[in-house]
2 protein chains.
Amino acid sequence: MASLVEDRVASYIEEHAEEALAELERYCRFESVAAQGRQIEETAAYVLDLLRDAGFEAHIEPKPAPGHPVVLAERRGSSPRSILFYNHYDVQPEDPLELWTSPPFEPRRADGKIYARGVSDNKVHLISRLLAVRAVLAVEGELPCTVKWLVEGDEEIGSPRFAEFAEQHRDFLRSDAALSEGGYVGWDGTPQISLGVKGLLSVELRVRTAARDAHSSMATVVPNAAWRLVWALATIKAPDERILIPGWYDEVVPPTEAQKQLLLAQPSEAEQTLKSLELKEFLGGVRGYEYRERTTFAPTATINGLTSGYQGPGNKTVLPAVASAKLDFRLVPNQDPERQLARLREHLQRSGFDDIQVEVTGAEHPARTDPEEPFVELVRRTARVVYGREPYVSPNMAGTQPLYPLQQACQAPIASAGLGHPDARAHAPDENIRIADFVPATRHVAAIILGLAAMGD
Amino acid sequence: MASLVEDRVASYIEEHAEEALAELERYCRFESVAAQGRQIEETAAYVLDLLRDAGFEAHIEPKPAPGHPVVLAERRGSSPRSILFYNHYDVQPEDPLELWTSPPFEPRRADGKIYARGVSDNKVHLISRLLAVRAVLAVEGELPCTVKWLVEGDEEIGSPRFAEFAEQHRDFLRSDAALSEGGYVGWDGTPQISLGVKGLLSVELRVRTAARDAHSSMATVVPNAAWRLVWALATIKAPDERILIPGWYDEVVPPTEAQKQLLLAQPSEAEQTLKSLELKEFLGGVRGYEYRERTTFAPTATINGLTSGYQGPGNKTVLPAVASAKLDFRLVPNQDPERQLARLREHLQRSGFDDIQVEVTGAEHPARTDPEEPFVELVRRTARVVYGREPYVSPNMAGTQPLYPLQQACQAPIASAGLGHPDARAHAPDENIRIADFVPATRHVAAIILGLAAMGD
């Protein structure tokens with residue numbers, strides 16, 4: 001029986017994939033850049049319409065400023081079980097625009113891919129899950145479990161006030177399981193399931209040394225904001241990649257044997273990543289397991305951007321009065337963003353850089369789901385059926401999502417499953433999905449919905 | 001007799017000052033930004049017309065690429081003596097545009113000033129000298145000495161290939177004396193004469209760490225161009241302002257007693273500069289003589305600009321593949337720009353930063369004129385007459401001009417005299433001149449022309 005249902009669902013998905021991809025292309029035309037507040041309302045309205053058309057009770061819920069509106073939706077199922085889908089409709093800024101092969105908000109198909117800003121991160125995942133729901137409805141006439149949806153509009157700027165929002169909507173979000181964003185298919189075609197995320201502390205460091213820029217001939221006596229920034233940054237991380245802020249690593253828990261085993265079972269993606277980025281080697285020369293261990297378990301300190309003085313063509317003998325740097329710090333269990341922020345501030349003070357202003361632009365806790373949860377087994381088993389191979393399960397991904405407050409609110413195991421791929425270029429020019437990944441990923445979601453009602457019975 | 005002539009010259013200058021300032025305003029409307037190659041030809045043509053209208057034999061002489069065309073002009077005088085005027089028609093870029101009170105290329109009069117990009121540096125000086133020549137011609141019917149003019153169009157980008165050009169035009173440039181740019185009137189109304197300049201080495205440091213930007217979750221393994229740049233810069237200068245490049249100070253000659261005496265006779269401008277830049281104190285807490293000694297004799301290393309990654313609003317979790325910094329190093333006798341460049345390159349290599357590319361964007365030698373030259377005495381004496389007070393003479397200014405190749409070519413003493421002022425905001429928003437400075441500065445030039453014929457007789 002299950003097999004017949006699954007076949008019919010698979011057929012439905014294949015027959016309606018092209019229609020869904022056209023919806024995806026329309027979705028990608030919205031320039032929903034959270035950092036710049038572009039087309040946020042319009043994109044939320046488009047998502048709302050999509051969900052309502054699929055029979056969801058849906059509405060747009062404002063988030064306290066500076067948060068963007070959230071789309072909440074629910075469609076009741078025939079069992080008491082429920083699953084929550086997390087997606088976001090916002091995207092990263094498209095710059096540097098000149099490195100895109102085609103305009104980032106005009107989806108383009110080529111080489112079996114669709115290129116567009118946000119197509120992989122995260123728009124295709126909403127469309128794929130929606131097609132899965134439609135397929136189950138078409139075949140079964142009803143959903144075997146309740147499906148809830150939370151689609152937010154500011155994930156790419158660190159989901160401001162998401163924790164507060166999730167806490168307020170705790171009753172709605174409470175579920176038996178949740179699918180987050182971020183699943184993907186590896187270089188070798190194997191699905192990758194992730195059970196957690198790193199945390200993130202995003203800051204902007206700013207320094208002003210004078211009321212205005214001066215002529216650089218004054219450099220003997222007038223302080224230079226760019227130098228102050230450079231010297232301050234150089235105290236944060238050493239050329240050997242060690243973060244120098246006192247206490248930074250104090251709460252880091254070493255990986256357990258079970259977590260290491262999950263990583264050991266994974267293939268090495270190092271070679272392909274080297275090639276894709278045209279690198280000679282990785283930091284510290286790591287390869288193989290060491291590469292995966294670092295990617296999964298190590299905290300980071302990253303300069304995202306530097307700005308000061310004259311940046312145009314040619315030169316300008318100016319002494320800049322202002323300079324700034326954007327940084328993000330990825331955090332691992334049990335690093336707490338607030339505690340790390342206090343350490344950063346104290347470090348700058350103690351190192352003589354009390355002229356450096358620290359503005360927090362994002363803060364998220366790390367989070368993990370226990371690999372022993374039955375829901376994790378459901379996600380693995382269904383993936384095995386759909387993809388015909390054992391998926392790789394990662395204790396947590398290298399990236400960040402607002403999983404911690406979601407986990408606190410839904411009180412359920414959370415796994416990722418999706419159709420990112422290693423050359424998807426999320427956050428970079430020529431972001432893309434592989435069209436061939438769309439149907440299996442969608443079938444996987446449908447199988448999870450079908451399997452959830454029976455889970456643990 | 002001399003007094004009568006000087007009175008008539010002064011009257012002419014006063015009567016024609018408004019006419020000349022209108023010419024200046026037209027001149028300032030040309031957006032002759034050398035760094036961006038804007039309106040270079042048009043501005044050179046305007047200067048050519050101005051000089052021809054004053055009876056000069058003038059023409060535009062190309063400079064080898066990437067140099068901009070030079071206006072050369074000459075009007076013979078009645079004595080064998082000759083004086084060379086150096087000016088430049090190009091200006092600094094106008095950014096940051098938002099900090100200008102009014103558009104930089106639409107000259108505006110307010111508070112007894114004219115505001116415009118390039119009005120002080122260096123357009124007013126050409127107009128003032130031209131009015132001085134016209135005044136002498138009007139009163140005397142002829143020039144008592146030959147006046148030559150060299151007006152270049154790329155001083156603000158370090159006068160590329162000027163040395164070569166000056167060498168080629170050695171016969172034309174050979175003179176008995178020269179006036180450079182850069183003279184000014186201090187906070188207290190006293191004219192400041194400078195006898196030299198610092199040299200300059202301008203470079204752009206660039207680093208690329210990968211074929212493209214990556215997602216910042218890859219920061220555990222993928223090298224970050226912004227960090228590489230920060231670490232490399234931090235090896236160039238320490239927070240105590242000491243330049244760390246081995247050998248950097250080796251050829252620096254300490255000031256002589258005579259040079260120190262010149263500085264000791266100067267007023268302190270430190271307080272006004274503190275106020276103007278809204279600083280609590282200068283680097284190292286220097287004041288008074290120490291401030292002047294550092295400004296005059298110390299070499300510098302200045303970051304002019306920093307660029308990497310995402311610089312827009314909000315944050316972006318990107319790991320930048322490219323980063324760059326513009327720097328200038330002011331050089332003092334006897335630092336040689338080529339030798340210092342070799343030291344910088346070797347230092348980066350030896351410090352493990354062979355991934356940092358060094359592009360030279362400007363190189364000029366320091367230069368000084370001996371204070372004992374009779375021409376220096378003429379400039380001092382005439383300033384005393386016009387301004388009614390003893391001018392301050394500086395062994396060299398803190399800034400740079402292509403004085404060394406000019407000195408090599410003209411084989412003559414060179415002094416500055418002009419109407420910059422300490423709040424002129426050269427190279428910064430709201431660049432300006434004080435209108436009241438225009439007539440005395442112009443009378444001073446006329447007195448130098450009149451006095452030169454008799455000099456040393």
# chains A, B, ... in the order shown; residues from 1 in each chain; ligands from 1
>>> interface_residues(of="chain A", to="chain B", cutoff="7 Å", atoms="only C-alpha atoms", output="NGL selection string")
:A and (35-36 or 92 or 157 or 210-223 or 226-227 or 230-231 or 234 or 239 or 277-279 or 282-283 or 294-295 or 298 or 300 or 302-311 or 313-320 or 326 or 328 or 361 or 398-399 or 426-428)
>>> select_by_dssp(residues="region 326-420 of chain A", states="strand (DSSP E)", output="compact mmCIF listing (two decimals) with C-alpha atoms, in the first residue's frame")
# COMPACT_ATOMS: atom_id res chain seq x y z
CA LYS A 326 32.14 43.81 9.63
CA LEU A 327 32.96 40.53 11.33
CA ASP A 328 31.19 37.32 12.12
CA PHE A 329 32.14 34.74 14.70
CA ARG A 330 30.71 31.22 14.28
CA LEU A 331 30.06 29.65 17.64
CA GLN A 357 32.98 50.93 18.88
CA VAL A 358 31.35 47.50 18.77
CA GLU A 359 27.86 47.29 17.31
CA VAL A 360 26.12 43.93 17.42
CA THR A 361 24.32 43.11 14.17
CA GLY A 362 23.41 39.51 14.90
CA ALA A 363 23.59 36.92 17.66
CA GLU A 364 22.49 33.29 17.55
CA ALA A 367 22.00 24.12 18.46
CA ARG A 368 22.01 20.36 17.93
CA TYR A 392 25.33 11.24 5.42
CA VAL A 393 24.33 12.69 8.75
CA SER A 394 26.26 15.57 10.23
CA ILE A 414 14.92 19.24 13.95
CA ALA A 415 16.65 17.92 10.87
CA SER A 416 17.58 19.46 7.54
>>> select_by_dssp(residues="region 63-202 of chain B", states="helix (DSSP H, G or I)", output="short mmCIF file (atom, residue, chain, number, x, y, z; two decimals) with N, CA and C atoms, in the first residue's frame")
data_model
loop_
_atom_site.label_atom_id
_atom_site.label_comp_id
_atom_site.auth_asym_id
_atom_site.auth_seq_id
_atom_site.Cartn_x
_atom_site.Cartn_y
_atom_site.Cartn_z
N LEU B 97 31.34 62.73 -1.12
CA LEU B 97 30.50 63.82 -1.62
C LEU B 97 29.50 64.30 -0.58
N GLU B 98 29.00 63.34 0.24
CA GLU B 98 27.93 63.71 1.17
C GLU B 98 28.42 64.65 2.28
N LEU B 99 29.72 64.78 2.44
CA LEU B 99 30.23 65.67 3.49
C LEU B 99 30.46 67.11 2.99
N VAL B 119 40.11 74.63 -5.28
CA VAL B 119 40.24 76.09 -5.27
C VAL B 119 41.54 76.53 -4.60
N SER B 120 41.90 75.84 -3.52
CA SER B 120 43.15 76.17 -2.82
C SER B 120 44.31 75.38 -3.42
N ASP B 121 44.05 74.12 -3.68
CA ASP B 121 45.09 73.18 -4.14
C ASP B 121 44.75 72.73 -5.55
N ASN B 122 45.11 73.49 -6.60
CA ASN B 122 46.08 74.57 -6.59
C ASN B 122 45.61 75.69 -7.51
N LYS B 123 44.29 75.72 -7.81
CA LYS B 123 43.83 76.59 -8.89
C LYS B 123 44.00 78.08 -8.59
N VAL B 124 43.76 78.50 -7.34
CA VAL B 124 43.87 79.93 -7.03
C VAL B 124 45.30 80.43 -7.26
N HIS B 125 46.27 79.57 -7.12
CA HIS B 125 47.66 80.03 -7.24
C HIS B 125 48.04 80.40 -8.67
N LEU B 126 47.47 79.68 -9.63
CA LEU B 126 47.68 80.06 -11.02
C LEU B 126 47.03 81.41 -11.30
N ILE B 127 45.80 81.56 -10.84
CA ILE B 127 45.05 82.80 -11.09
C ILE B 127 45.73 83.99 -10.42
N SER B 128 46.20 83.80 -9.20
CA SER B 128 46.88 84.87 -8.46
C SER B 128 48.17 85.29 -9.17
N ARG B 129 48.95 84.33 -9.59
CA ARG B 129 50.22 84.65 -10.27
C ARG B 129 49.96 85.34 -11.61
N LEU B 130 48.89 84.91 -12.26
CA LEU B 130 48.54 85.51 -13.55
C LEU B 130 48.15 86.97 -13.36
N LEU B 131 47.40 87.24 -12.30
CA LEU B 131 47.02 88.63 -12.02
C LEU B 131 48.27 89.45 -11.67
N ALA B 132 49.22 88.84 -10.95
CA ALA B 132 50.47 89.54 -10.63
C ALA B 132 51.22 89.92 -11.90
N VAL B 133 51.29 88.99 -12.86
CA VAL B 133 51.96 89.26 -14.13
C VAL B 133 51.24 90.39 -14.87
N ARG B 134 49.89 90.30 -14.92
CA ARG B 134 49.12 91.34 -15.62
C ARG B 134 49.34 92.70 -14.98
N ALA B 135 49.44 92.73 -13.65
CA ALA B 135 49.62 94.00 -12.94
C ALA B 135 50.98 94.61 -13.28
N VAL B 136 52.03 93.79 -13.27
CA VAL B 136 53.37 94.30 -13.59
C VAL B 136 53.39 94.81 -15.04
N LEU B 137 52.76 94.04 -15.92
CA LEU B 137 52.70 94.45 -17.34
C LEU B 137 51.94 95.77 -17.49
N ALA B 138 50.84 95.91 -16.77
CA ALA B 138 50.01 97.10 -16.88
C ALA B 138 50.77 98.33 -16.41
N VAL B 139 51.56 98.17 -15.37
CA VAL B 139 52.25 99.32 -14.77
C VAL B 139 53.56 99.60 -15.51
N GLU B 140 54.31 98.51 -15.83
CA GLU B 140 55.64 98.68 -16.40
C GLU B 140 55.66 98.59 -17.93
N GLU B 155 49.42 66.11 -10.68
CA GLU B 155 50.16 66.22 -9.43
C GLU B 155 49.51 65.41 -8.33
N GLU B 156 48.17 65.37 -8.34
CA GLU B 156 47.45 64.70 -7.26
C GLU B 156 47.55 63.18 -7.35
N ILE B 157 48.06 62.67 -8.44
CA ILE B 157 48.31 61.22 -8.49
C ILE B 157 49.81 60.97 -8.54
N PHE B 162 57.04 62.66 -14.36
CA PHE B 162 57.41 64.06 -14.36
C PHE B 162 58.92 64.23 -14.48
N ALA B 163 59.66 63.36 -13.81
CA ALA B 163 61.12 63.47 -13.84
C ALA B 163 61.63 63.38 -15.28
N GLU B 164 61.08 62.42 -16.01
CA GLU B 164 61.44 62.22 -17.41
C GLU B 164 61.09 63.47 -18.22
N PHE B 165 59.90 64.01 -17.96
CA PHE B 165 59.43 65.18 -18.67
C PHE B 165 60.33 66.38 -18.38
N ALA B 166 60.66 66.58 -17.10
CA ALA B 166 61.48 67.73 -16.71
C ALA B 166 62.87 67.61 -17.33
N GLU B 167 63.36 66.40 -17.35
CA GLU B 167 64.69 66.16 -17.95
C GLU B 167 64.66 66.52 -19.44
N GLN B 168 63.57 66.12 -20.11
CA GLN B 168 63.44 66.41 -21.55
C GLN B 168 63.34 67.91 -21.83
N ARG B 170 64.66 70.37 -19.98
CA ARG B 170 65.67 70.98 -19.11
C ARG B 170 66.03 72.40 -19.58
N ASP B 171 66.21 72.56 -20.89
CA ASP B 171 66.62 73.88 -21.41
C ASP B 171 65.54 74.91 -21.17
N PHE B 172 64.30 74.49 -21.41
CA PHE B 172 63.20 75.42 -21.18
C PHE B 172 63.09 75.78 -19.70
N LEU B 173 63.24 74.78 -18.84
CA LEU B 173 62.97 74.98 -17.41
C LEU B 173 64.09 75.71 -16.67
#
>>> closest_residue(among="A:Val70, A:Leu150, A:Cys145, A:Ile60", to="Ala409 (chain A)", atoms="only C-alpha atoms")
A:Leu150
>>> atom_distance(atom1="CA of Ala383 (chain B)", atom2="CA of Ala447 (chain B)")
8.4 Å
>>> residues_around(residues="Arg81 (chain B)", least_positions_apart="6", cutoff="9 Å", atoms="only C-alpha atoms", output="mmCIF file with N, CA and C atoms, in the first residue's frame")
data_model
loop_
_atom_site.group_PDB
_atom_site.id
_atom_site.type_symbol
_atom_site.label_atom_id
_atom_site.label_comp_id
_atom_site.auth_asym_id
_atom_site.auth_seq_id
_atom_site.Cartn_x
_atom_site.Cartn_y
_atom_site.Cartn_z
ATOM 1 N N PRO B 144 60.081 92.735 -16.124
ATOM 2 C CA PRO B 144 61.505 92.972 -15.875
ATOM 3 C C PRO B 144 62.333 91.694 -15.932
ATOM 4 N N CYS B 145 61.664 90.547 -15.910
ATOM 5 C CA CYS B 145 62.389 89.279 -16.067
ATOM 6 C C CYS B 145 61.473 88.319 -16.830
ATOM 7 N N THR B 146 62.079 87.319 -17.371
ATOM 8 C CA THR B 146 61.297 86.333 -18.101
ATOM 9 C C THR B 146 60.472 85.489 -17.105
ATOM 10 N N VAL B 147 59.209 85.303 -17.450
ATOM 11 C CA VAL B 147 58.363 84.434 -16.621
ATOM 12 C C VAL B 147 58.039 83.178 -17.435
ATOM 13 N N SER B 175 66.207 78.151 -14.995
ATOM 14 C CA SER B 175 65.803 79.502 -14.571
ATOM 15 C C SER B 175 66.710 79.977 -13.451
ATOM 16 N N ASP B 176 66.504 81.220 -13.028
ATOM 17 C CA ASP B 176 67.276 81.741 -11.898
ATOM 18 C C ASP B 176 66.566 81.498 -10.572
ATOM 19 N N ALA B 177 65.274 81.238 -10.658
ATOM 20 C CA ALA B 177 64.500 81.008 -9.430
ATOM 21 C C ALA B 177 63.184 80.355 -9.822
ATOM 22 N N LEU B 452 63.249 90.446 -8.754
ATOM 23 C CA LEU B 452 64.184 89.427 -9.262
ATOM 24 C C LEU B 452 65.252 90.013 -10.194
ATOM 25 N N ALA B 453 64.840 90.980 -11.024
ATOM 26 C CA ALA B 453 65.783 91.551 -12.000
ATOM 27 C C ALA B 453 67.004 92.132 -11.289
ATOM 28 N N ALA B 454 66.765 92.723 -10.106
ATOM 29 C CA ALA B 454 67.862 93.377 -9.382
ATOM 30 C C ALA B 454 68.587 92.430 -8.437
ATOM 31 N N MET B 455 68.077 91.211 -8.307
ATOM 32 C CA MET B 455 68.596 90.287 -7.295
ATOM 33 C C MET B 455 70.073 89.981 -7.509
#
>>> atom_distance(atom1="CA of Glu41 (chain A)", atom2="CA of Pro66 (chain A)")
13.8 Å
>>> residues_around(residues="Arg108 (chain A)", least_positions_apart="5", cutoff="12 Å", atoms="only C-alpha atoms", output="list in words")
Leu21, Ala22, Leu24, Glu25, Arg26, Cys28, Arg29, Trp100, Thr101, Ser102, Pro103, Lys113, Ile114, Tyr115, Ala116, Arg117, Val119, Asp430, Glu431, Asn432, Ile433, Arg434 and Ile435 of chain A
>>> atom_distance(atom1="CA of His347 (chain B)", atom2="CA of Asp240 (chain B)")
18.9 Å
>>> closest_residue(among="A:Tyr89, A:Trp149, A:Phe353, A:Phe438", to="Glu57 (chain A)", atoms="only C-alpha atoms")
A:Trp149
